[in-house]
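What follows is a set of notes on a single structure, which appears directly below.
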Amino acid sequence: MNSVVCISQVPDTESRIKIAADGKHIDEAGLKFIVSPYDEFALEEAIRLKEGKGGDVTVVTFGPDRSAQALRECLARGATKAMHIKGDSVDADSLGVARVLAAAIRTLPHDIVFFGKQGVGTDNGLVGPMVAELLDVPQVNVVTHLEVGDGKLTAHREIEGAEEIVECSLPAVITAQKGLNEPRYASLKGIMAAKKIPIDTRSVADLGLTDSDVFHQRVTFVGLETPAEKSGGRKIDGADPSAAAQEIIKYIREEAKAL
Amino acid sequence: MPSFPGVDYMLIDSLFSEDELMVRQTVRDFVDEEVLPIIEHANREEKFPFQLLPKMAEMGLFGPTISEYGLPGLDNVAYGLIMQELERGDSGLRSFASVQSGLVMFPIYTYGSKEQKDKWIPKLAAGEKIGCFGLTEPDFGSNPGGMRTYARREGDSWVLNGAKAWITNGSIADVAVVWAKCEGTIRGFLVEKGTPGFTAANHMGKFSLRASVTSQLFFSDCRIPLDNVLPETNGLKYPLSCLTQARYGIAWGALGAAMGVFNTAVEYSKSRIQFGGQPIASHQLVQNKLAWMITEITKGQLLVLQMGRLKDEGKLKPQHVSMGKMNNVNIALECARMARDILGANGISDEYPVIRHMMNLESVKTYEGTHDIHNLIIAEAVTGIPAYNPPMSAKAEKEATERAAAEAAKK
Ligand SMILES: Cc1cc2nc3c(=O)[nH]c(=O)nc-3n(C[C@H](O)[C@H](O)[C@H](O)COP(=O)(O)OP(=O)(O)OC[C@H]3O[C@@H](n4cnc5c(N)ncnc54)[C@H](O)[C@@H]3O)c2cc1C
């Protein structure tokens with residue numbers, strides 16, 4: 001059973017994001033980067049499959065130089081191989097990223113290709129499904145439970161008010177939802193072993209793609225803005241509860257116009 | 001729970017290797033996600049957090065510098081960074097790890113027989129078995145060489161008599177490394193939980209290291225197989241060599257506690273408003289405290305980093321470790337007291353981690369060689385004079401030991 005796990009490196013979810021001088025990128029100075037949290041569920045599931053059934057877990061990322069660190073972290077947790085396609089993935093839209101990853105995956109043995117259900121930060125949730133289409137394989141998204149059998153898999157996914165159980169043939173694409181598993185911490189032994197595993201580094205061109213397949217295409221960032229500062233809350237005197245209730249209703253109706 | 005950003009005023013991170021930073025990050029995440037959410041409760045209830053052990057073992061935090069038995073074989077700086085992060089969680093948790101790795105696995109691995117190693121190292125590493133280290137006695141703390149616990153050979157057994165005090169993990173340990181006088185020297189023995197004649201009772205009413213178990217051990221005609229002696233141990237320098245391991249980890253660990261309280265103090269002082277709408281961080285007296293803390297932490301970081309590199313090169317001497325332990329615990333305790341002060345009334349509440357660190361560090365100041373004793377060891381290295389044991393008291397002690405041995409022989 002061979003798995004490919006596509007991961008992206010994102011700013012730590014607790015970072016205070018600053019916008020860069022060009023107004024279109026975030027300022028990366030001093031930011032701590034992590035493996036996108038949903039990708040951790042994807043990786044954990046692939047490692048468990050490998051532990052049960054053998055085979056390789058190849059982690060793949062498309063990103064700048066710093067992304068190699070994210071691959072190392074995945075190797076330390078138990079991935080067996082890593083591929084780094086170097087490039088400014090922030091200047092590619094979801095389809096651009098999906099094209100790069102699909103081209104990379106075609107060069108790798110893959111029974112299941114795992115993604116996180118979305119990359120934290122951009123939160124489009126598009127890359128996994130697009131890769132499935134490009135590879136022309138079935139996909140199950142937002143998966144919370146997975147069983148893998150001979151040539152097929154059964155996946156549970158959350159839908160509004162119910163759980164859907166889907167069966168499909170392999171190879172397939174799975175995007176992981178929180179709850180799929182509890183990701184492990186890297187082991188110290190894994191950290192020591194990871195540095196002995198070479199990272200297969202490629203360029204977009206090495207995969208037979210041109211820059212115009214990938215960068216600055218359909219979707220481009222026009223500008224980034226930080227959300228408006230929160231204004232301080234308003235205190236209502238609660239000494240007379242019925243008067244306070246009146247005042248709250250008045251506020252909701254007339255100022256917030258929520259009713 | 002916000003993740004810990006680290007404390008690195010002087011770009012010291014650039015002096016660590018990539019693996020060392022990864023090890024630190026892994027343990028840092030573990031402490032943020034698993035330890036900090038439960039530790040105040042464990043401390044309040046005076047309960048050791050057993051639930052943390054499986055994950056700690058799976059990560060390889062016990063015996064991490066050993067490379068046999070499938071263990072990670074880390075360098076000493078990476079080991080130090082583990083201790084730093086664990087103690088940022090809690091000194092009691094770091095104590096557990098120090099005892100398991102430095103005071104139990106180290107002597108078994110270094111001075112034990114192949115059978116002893118095969119039997120204990122894998123299980124101790126897996127956290128399936130817990131160890132403790134019994135050196136201190138009710139009447140012998142700074143001066144363990146005066147110990148009265150003794151072992152005599154009887155047929156195919158050793159028979160142990162005596163008592164140990166203030167033993168971390170004592171009552172929860174499956175195996176105790178017990179140091180006893182034996183045929184004119186001091187040797188280490190492995191005593192298993194449940195051996196007839198061996199009992200343990202916890203020290204009650206501790207105000208410090210409450211999330212760590214501390215016990216007395218009693219040996220009354222406790223009979224253990226002849227094979228349970230650590231074959232290579234022969235003299236006080238053997239238990240002291242174990243302490244050098246553990247103290248090395250404490251020098252790093254104390255910095256973790258200092259970083260934890262410093263970080264809390266900075267955040268608090270920037271958000272606490274007093275007088276004229278200004279945060280207290282804008283007052284010079286508060287700033288002076290923060291400046292002192294970050295300066296001392298930074299000096300401490302450079303000290304332990306050099307210690308770690310020397311240890312990897314086999315050049316680290318006990319008197320170097322004494323300086324690291326003495327200094328870093330001392331500044332950590334001072335940082336904790338200052339942070340306590342900066343937090344005002346909140347500083348005495350376990351809503352914040354500061355008072356717990358402050359109380360914990362009082363133990364850390366005393367155990368593994370008190371602050372003053374380490375100063376005397378440093379000064380001995382400088383002057384050649386062991387002021388902790390001047391010639392007259394050394395002579396009297398030798399006579400007392402000989403008298404005790406003669407009496408034991410008569411029995
Ligand atoms: C929470 C906790 C856990 C512990 N865990 C362990 C453990 O796992 N295993 C173990 O073996 N021990 C353990 N200890 C014991 C610890 O190592 C001793 O407490 C320590 O060595 C000091 O001994 P003491 O308490 O008898 O103090 P004492 O030796 O009585 O010292 C009291 C004071 O006198 C000073 N003093 C003593 N002699 C001199 C001298 N010659 N010159 C100048 N000043 C001197 C000391 O510096 C100190 O200030 C633990 C202690 C604590 C508090």
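Just so we're on the same page: first chain in the structure tokens is A, next is B, and so on; residues restart at 1 for each chain, and ligands are numbered from 1 in the order they show up.
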Q: Let me have all residues with an atom within 9 Å of ligand 1, counting only C-alpha atoms and all ligand atoms, laid out as a VMD selection string.
A: chain B and resid 92 95 to 96 99 103 132 to 144 164 to 170 178 to 179 206 208 to 210 212 to 215 360 362 to 374 376 386 to 390
Q: Find the residues of chain A in contact range of chain B, meaning any atom within 8 Å when counting only C-alpha atoms, and list them as JSON, numbers by chain.
A: {"A": [14, 73, 185, 186, 187, 188, 189, 191, 192, 195]}
Q: Give me, please, the distance in Å between atom CA of A:Gly121 and atom CA of A:Thr226, quoted to one decimal.
A: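 Atom CA of A:Thr226 lies at a distance of 12.8 Å from atom CA of A:Gly121.
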**Q.** Residues of stretch 44-141 of chain A in strand (DSSP E or B), written as a list in words
**A.**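 Answer for stretch 44-141 of chain A restricted to strand (DSSP E or B) is Val57, Thr58, Val59, Val60, Thr61, Phe62, Gly63, Lys81, Ala82, Met83, His84, Ile85, Lys86, Ala92, Ile112, Val113, Phe114, Phe115, Gly116, Gln139, Val140 and Asn141 of chain A.
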Would you list the contacts of B:Glu115 as a compact mmCIF listing (two decimals) with C-alpha atoms, in the first residue's frame, taking every protein, DNA or RNA residue within 10 Å and counting only C-alpha atoms, but skipping same-chain residues closer than 4 positions in sequence?
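For reference, result03.txt as written:
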```txt
# COMPACT_ATOMS: atom_id res chain seq x y z
CA LYS B 119 16.07 -6.61 31.59
CA TRP B 120 15.60 -2.95 32.45
CA ASP B 227 23.27 -10.53 40.78
CA ASN B 228 21.41 -7.36 41.74
```
**Q.** Test item: residues at most 9 Å from stretch 255-258 of chain B, only C-alpha atoms, excluding those fewer than 2 positions along its chain, as a ChimeraX atom specification
**A.** /B:81,83-91,250-253,260-263,293,297,300-301,328-329,331-336,354,357-358,361
Would you save the residues from that selection as a short mmCIF file (atom, residue, chain, number, x, y, z; two decimals), in the first residue's frame, using N, CA, C and O atoms?
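Written output follows (selection07.cif):
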```cif
data_model
loop_
_atom_site.label_atom_id
_atom_site.label_comp_id
_atom_site.auth_asym_id
_atom_site.auth_seq_id
_atom_site.Cartn_x
_atom_site.Cartn_y
_atom_site.Cartn_z
N LEU B 81 17.88 20.49 25.66
CA LEU B 81 16.69 21.21 25.18
C LEU B 81 15.41 20.47 25.56
O LEU B 81 14.38 21.10 25.83
N MET B 83 15.06 18.80 28.33
CA MET B 83 14.88 19.11 29.75
C MET B 83 14.35 20.55 29.91
O MET B 83 13.50 20.81 30.75
N GLN B 84 14.86 21.45 29.09
CA GLN B 84 14.41 22.84 29.14
C GLN B 84 12.90 22.91 28.89
O GLN B 84 12.16 23.55 29.65
N GLU B 85 12.45 22.25 27.86
CA GLU B 85 11.02 22.34 27.53
C GLU B 85 10.17 21.63 28.58
O GLU B 85 9.12 22.13 28.97
N LEU B 86 10.63 20.47 29.05
CA LEU B 86 9.83 19.76 30.06
C LEU B 86 9.68 20.60 31.31
O LEU B 86 8.61 20.65 31.92
N GLU B 87 10.76 21.28 31.69
CA GLU B 87 10.67 22.05 32.93
C GLU B 87 9.91 23.36 32.72
O GLU B 87 9.36 23.91 33.67
N ARG B 88 9.82 23.82 31.49
CA ARG B 88 8.91 24.93 31.21
C ARG B 88 7.48 24.48 31.52
O ARG B 88 6.64 25.27 31.95
N GLY B 89 7.25 23.18 31.33
CA GLY B 89 5.98 22.61 31.77
C GLY B 89 5.92 22.57 33.28
O GLY B 89 5.12 23.26 33.92
N ASP B 90 6.81 21.79 33.88
CA ASP B 90 6.80 21.66 35.33
C ASP B 90 8.11 21.01 35.79
O ASP B 90 8.56 20.04 35.20
N SER B 91 8.67 21.54 36.88
CA SER B 91 9.92 20.97 37.40
C SER B 91 9.70 19.53 37.84
O SER B 91 10.64 18.72 37.79
N ILE B 250 19.40 19.52 34.83
CA ILE B 250 18.74 20.55 35.65
C ILE B 250 19.18 21.95 35.21
O ILE B 250 18.38 22.89 35.18
N ALA B 251 20.46 22.09 34.87
CA ALA B 251 20.96 23.40 34.44
C ALA B 251 20.15 23.90 33.24
O ALA B 251 19.84 25.09 33.13
N TRP B 252 19.83 22.99 32.33
CA TRP B 252 18.98 23.35 31.18
C TRP B 252 17.53 23.53 31.62
O TRP B 252 16.84 24.46 31.18
N GLY B 253 17.07 22.60 32.45
CA GLY B 253 15.68 22.60 32.84
C GLY B 253 15.29 23.90 33.53
O GLY B 253 14.25 24.50 33.22
N GLY B 260 9.55 30.28 30.99
CA GLY B 260 8.10 30.23 31.19
C GLY B 260 7.61 31.42 32.01
O GLY B 260 6.66 32.11 31.61
N VAL B 261 8.26 31.69 33.13
CA VAL B 261 7.79 32.79 33.98
C VAL B 261 8.09 34.14 33.34
O VAL B 261 7.31 35.08 33.46
N PHE B 262 9.20 34.23 32.62
CA PHE B 262 9.54 35.48 31.93
C PHE B 262 8.47 35.81 30.90
O PHE B 262 7.96 36.94 30.83
N ASN B 263 8.13 34.80 30.11
CA ASN B 263 7.13 35.01 29.07
C ASN B 263 5.79 35.45 29.68
O ASN B 263 5.15 36.38 29.18
N MET B 293 15.74 39.81 34.02
CA MET B 293 15.37 38.43 33.72
C MET B 293 15.93 37.99 32.37
O MET B 293 16.56 36.94 32.26
N ILE B 297 18.69 35.07 31.75
CA ILE B 297 18.32 33.89 30.95
C ILE B 297 19.31 33.73 29.79
O ILE B 297 19.78 32.63 29.51
N GLY B 300 22.55 32.41 30.96
CA GLY B 300 22.36 31.00 31.30
C GLY B 300 22.32 30.12 30.06
O GLY B 300 22.86 29.00 30.05
N GLN B 301 21.71 30.63 28.99
CA GLN B 301 21.64 29.85 27.74
C GLN B 301 23.03 29.59 27.19
O GLN B 301 23.34 28.49 26.74
N ASN B 328 21.98 28.58 37.10
CA ASN B 328 20.71 28.62 36.37
C ASN B 328 19.51 28.40 37.28
O ASN B 328 18.46 28.98 37.07
N VAL B 329 19.68 27.56 38.30
CA VAL B 329 18.56 27.39 39.22
C VAL B 329 18.35 28.68 40.02
O VAL B 329 17.22 29.13 40.23
N ILE B 331 19.07 31.82 39.16
CA ILE B 331 18.44 32.90 38.39
C ILE B 331 16.99 32.55 38.04
O ILE B 331 16.13 33.43 37.97
N ALA B 332 16.74 31.26 37.85
CA ALA B 332 15.35 30.86 37.55
C ALA B 332 14.46 31.19 38.74
O ALA B 332 13.35 31.71 38.58
N LEU B 333 14.95 30.90 39.92
CA LEU B 333 14.16 31.18 41.13
C LEU B 333 13.97 32.69 41.29
O LEU B 333 12.87 33.15 41.60
N GLU B 334 15.02 33.46 41.03
CA GLU B 334 14.89 34.92 41.10
C GLU B 334 13.89 35.42 40.05
O GLU B 334 13.07 36.30 40.33
N CYS B 335 13.97 34.86 38.84
CA CYS B 335 13.01 35.26 37.79
C CYS B 335 11.59 34.94 38.25
O CYS B 335 10.67 35.74 38.04
N ALA B 336 11.41 33.76 38.84
CA ALA B 336 10.08 33.36 39.28
C ALA B 336 9.56 34.33 40.35
O ALA B 336 8.40 34.72 40.34
N VAL B 354 3.10 30.91 37.47
CA VAL B 354 4.27 31.49 38.10
C VAL B 354 4.53 30.97 39.52
O VAL B 354 5.64 30.57 39.86
N HIS B 357 5.91 27.43 39.53
CA HIS B 357 7.34 27.38 39.21
C HIS B 357 8.16 27.87 40.40
O HIS B 357 9.21 27.31 40.72
N MET B 358 7.69 28.95 41.01
CA MET B 358 8.47 29.54 42.10
C MET B 358 8.63 28.53 43.24
O MET B 358 9.73 28.34 43.77
N LEU B 361 10.90 25.56 42.22
CA LEU B 361 12.33 25.84 42.10
C LEU B 361 13.03 25.85 43.47
O LEU B 361 14.25 25.69 43.55
#
```
Q. Could you write out, as a list in words, all the residues of stretch 184-253 of chain B that DSSP marks as helix (DSSP H, G or I)?
A.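 Selection result, helix (DSSP H, G or I) within stretch 184-253 of chain B: Leu226, Asp227, Asn228, Lys237, Tyr238, Pro239, Leu240, Ser241, Cys242, Leu243, Thr244, Gln245, Ala246, Arg247, Tyr248, Gly249, Ile250, Ala251, Trp252 and Gly253 of chain B.
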Q: Tell me, as an MDAnalysis selection string, which residues lie within 9 Å of B:Asp221, counting only C-alpha atoms; anything in the same chain fewer than 2 positions away does not count.
A: chainID B and resid 159:162 196:198 219 223
(Q) I want to know what sits within 10 Å of A:Val214, based on only C-alpha atoms, with residues of the same chain fewer than 4 positions away left out; could you give that as an MDAnalysis selection string? (A) chainID A and resid 87 89 91:100 204 209:210 218
Please produce a file of those selected residues containing N, CA, C and O atoms, as a PDB file, in the first residue's frame.
```pdb
ATOM      1  N   GLY A  87       9.220  26.343  -5.685  1.00  0.00           N
ATOM      2  CA  GLY A  87       8.600  27.420  -6.441  1.00  0.00           C
ATOM      3  C   GLY A  87       7.773  28.297  -5.523  1.00  0.00           C
ATOM      4  O   GLY A  87       7.433  27.895  -4.412  1.00  0.00           O
ATOM      5  N   SER A  89       4.792  29.080  -4.532  1.00  0.00           N
ATOM      6  CA  SER A  89       3.423  28.582  -4.663  1.00  0.00           C
ATOM      7  C   SER A  89       2.390  29.654  -4.327  1.00  0.00           C
ATOM      8  O   SER A  89       1.250  29.561  -4.751  1.00  0.00           O
ATOM      9  N   ASP A  91       2.191  32.429  -5.607  1.00  0.00           N
ATOM     10  CA  ASP A  91       1.825  33.112  -6.844  1.00  0.00           C
ATOM     11  C   ASP A  91       1.101  32.191  -7.826  1.00  0.00           C
ATOM     12  O   ASP A  91       0.902  32.550  -8.988  1.00  0.00           O
ATOM     13  N   ALA A  92       0.732  31.009  -7.353  1.00  0.00           N
ATOM     14  CA  ALA A  92      -0.051  30.096  -8.194  1.00  0.00           C
ATOM     15  C   ALA A  92      -1.456  30.016  -7.616  1.00  0.00           C
ATOM     16  O   ALA A  92      -1.626  30.088  -6.407  1.00  0.00           O
ATOM     17  N   ASP A  93      -2.469  29.875  -8.448  1.00  0.00           N
ATOM     18  CA  ASP A  93      -3.807  29.665  -7.898  1.00  0.00           C
ATOM     19  C   ASP A  93      -4.003  28.170  -7.647  1.00  0.00           C
ATOM     20  O   ASP A  93      -3.099  27.358  -7.889  1.00  0.00           O
ATOM     21  N   SER A  94      -5.197  27.777  -7.158  1.00  0.00           N
ATOM     22  CA  SER A  94      -5.403  26.390  -6.757  1.00  0.00           C
ATOM     23  C   SER A  94      -5.149  25.429  -7.915  1.00  0.00           C
ATOM     24  O   SER A  94      -4.545  24.379  -7.743  1.00  0.00           O
ATOM     25  N   LEU A  95      -5.605  25.790  -9.118  1.00  0.00           N
ATOM     26  CA  LEU A  95      -5.401  24.887 -10.253  1.00  0.00           C
ATOM     27  C   LEU A  95      -3.920  24.782 -10.607  1.00  0.00           C
ATOM     28  O   LEU A  95      -3.434  23.703 -10.946  1.00  0.00           O
ATOM     29  N   GLY A  96      -3.205  25.893 -10.484  1.00  0.00           N
ATOM     30  CA  GLY A  96      -1.762  25.852 -10.723  1.00  0.00           C
ATOM     31  C   GLY A  96      -1.073  24.889  -9.778  1.00  0.00           C
ATOM     32  O   GLY A  96      -0.256  24.056 -10.179  1.00  0.00           O
ATOM     33  N   VAL A  97      -1.432  24.996  -8.493  1.00  0.00           N
ATOM     34  CA  VAL A  97      -0.838  24.104  -7.490  1.00  0.00           C
ATOM     35  C   VAL A  97      -1.232  22.659  -7.801  1.00  0.00           C
ATOM     36  O   VAL A  97      -0.402  21.745  -7.770  1.00  0.00           O
ATOM     37  N   ALA A  98      -2.515  22.461  -8.151  1.00  0.00           N
ATOM     38  CA  ALA A  98      -2.997  21.106  -8.425  1.00  0.00           C
ATOM     39  C   ALA A  98      -2.269  20.494  -9.621  1.00  0.00           C
ATOM     40  O   ALA A  98      -1.932  19.315  -9.620  1.00  0.00           O
ATOM     41  N   ARG A  99      -1.999  21.293 -10.626  1.00  0.00           N
ATOM     42  CA  ARG A  99      -1.270  20.772 -11.799  1.00  0.00           C
ATOM     43  C   ARG A  99       0.126  20.305 -11.410  1.00  0.00           C
ATOM     44  O   ARG A  99       0.592  19.262 -11.855  1.00  0.00           O
ATOM     45  N   VAL A 100       0.793  21.098 -10.592  1.00  0.00           N
ATOM     46  CA  VAL A 100       2.146  20.729 -10.160  1.00  0.00           C
ATOM     47  C   VAL A 100       2.093  19.424  -9.369  1.00  0.00           C
ATOM     48  O   VAL A 100       2.866  18.484  -9.620  1.00  0.00           O
ATOM     49  N   VAL A 204       9.436  23.140 -11.269  1.00  0.00           N
ATOM     50  CA  VAL A 204       8.199  23.008 -12.035  1.00  0.00           C
ATOM     51  C   VAL A 204       8.533  22.499 -13.449  1.00  0.00           C
ATOM     52  O   VAL A 204       7.857  21.619 -13.988  1.00  0.00           O
ATOM     53  N   LEU A 209       6.135  21.092 -16.817  1.00  0.00           N
ATOM     54  CA  LEU A 209       5.175  22.197 -16.825  1.00  0.00           C
ATOM     55  C   LEU A 209       5.916  23.508 -17.096  1.00  0.00           C
ATOM     56  O   LEU A 209       7.085  23.648 -16.739  1.00  0.00           O
ATOM     57  N   THR A 210       5.193  24.437 -17.705  1.00  0.00           N
ATOM     58  CA  THR A 210       5.788  25.757 -17.893  1.00  0.00           C
ATOM     59  C   THR A 210       5.222  26.704 -16.841  1.00  0.00           C
ATOM     60  O   THR A 210       4.180  26.419 -16.239  1.00  0.00           O
ATOM     61  N   ARG A 218      -5.624  32.193 -13.687  1.00  0.00           N
ATOM     62  CA  ARG A 218      -7.013  32.617 -13.518  1.00  0.00           C
ATOM     63  C   ARG A 218      -7.272  33.506 -12.305  1.00  0.00           C
ATOM     64  O   ARG A 218      -7.994  34.486 -12.369  1.00  0.00           O
TER      65      ARG A 218
END
```
(Q) Let me make sure I understand: among A:Gly125, A:Gly161, A:Gly208, A:Gly190, which one has the smallest atom-to-atom distance to A:Ala104 if we use only C-alpha atoms? (A)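 The closest residue to A:Ala104 is A:Gly208.
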(Q) Could you tell me how far atom CA of A:Glu254 sits from atom CA of A:Lys235, in Å to one decimal place? (A)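 Atom CA of A:Glu254 lies 16.9 Å from atom CA of A:Lys235.
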**Q.** All residues 6 Å or closer to A:Leu180, only C-alpha atoms, same chain fewer than 3 positions away omitted, as a ChimeraX atom specification
**A.** /A:144-145,177
Save out the residues we just selected, N, CA, C and O atoms, as a PDB file, in the first residue's frame.
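What follows is the written file again16.pdb:
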```pdb
ATOM      1  N   THR A 144     -13.727  11.454   7.902  1.00  0.00           N
ATOM      2  CA  THR A 144     -13.507  11.331   9.350  1.00  0.00           C
ATOM      3  C   THR A 144     -13.162   9.904   9.766  1.00  0.00           C
ATOM      4  O   THR A 144     -12.798   9.660  10.905  1.00  0.00           O
ATOM      5  N   HIS A 145     -13.329   8.945   8.841  1.00  0.00           N
ATOM      6  CA  HIS A 145     -12.995   7.559   9.174  1.00  0.00           C
ATOM      7  C   HIS A 145     -12.684   6.840   7.874  1.00  0.00           C
ATOM      8  O   HIS A 145     -13.372   7.037   6.871  1.00  0.00           O
ATOM      9  N   GLN A 177     -10.380  15.289   7.407  1.00  0.00           N
ATOM     10  CA  GLN A 177     -11.042  16.202   8.331  1.00  0.00           C
ATOM     11  C   GLN A 177     -10.507  15.922   9.735  1.00  0.00           C
ATOM     12  O   GLN A 177     -10.050  14.815  10.038  1.00  0.00           O
TER      13      GLN A 177
END
```
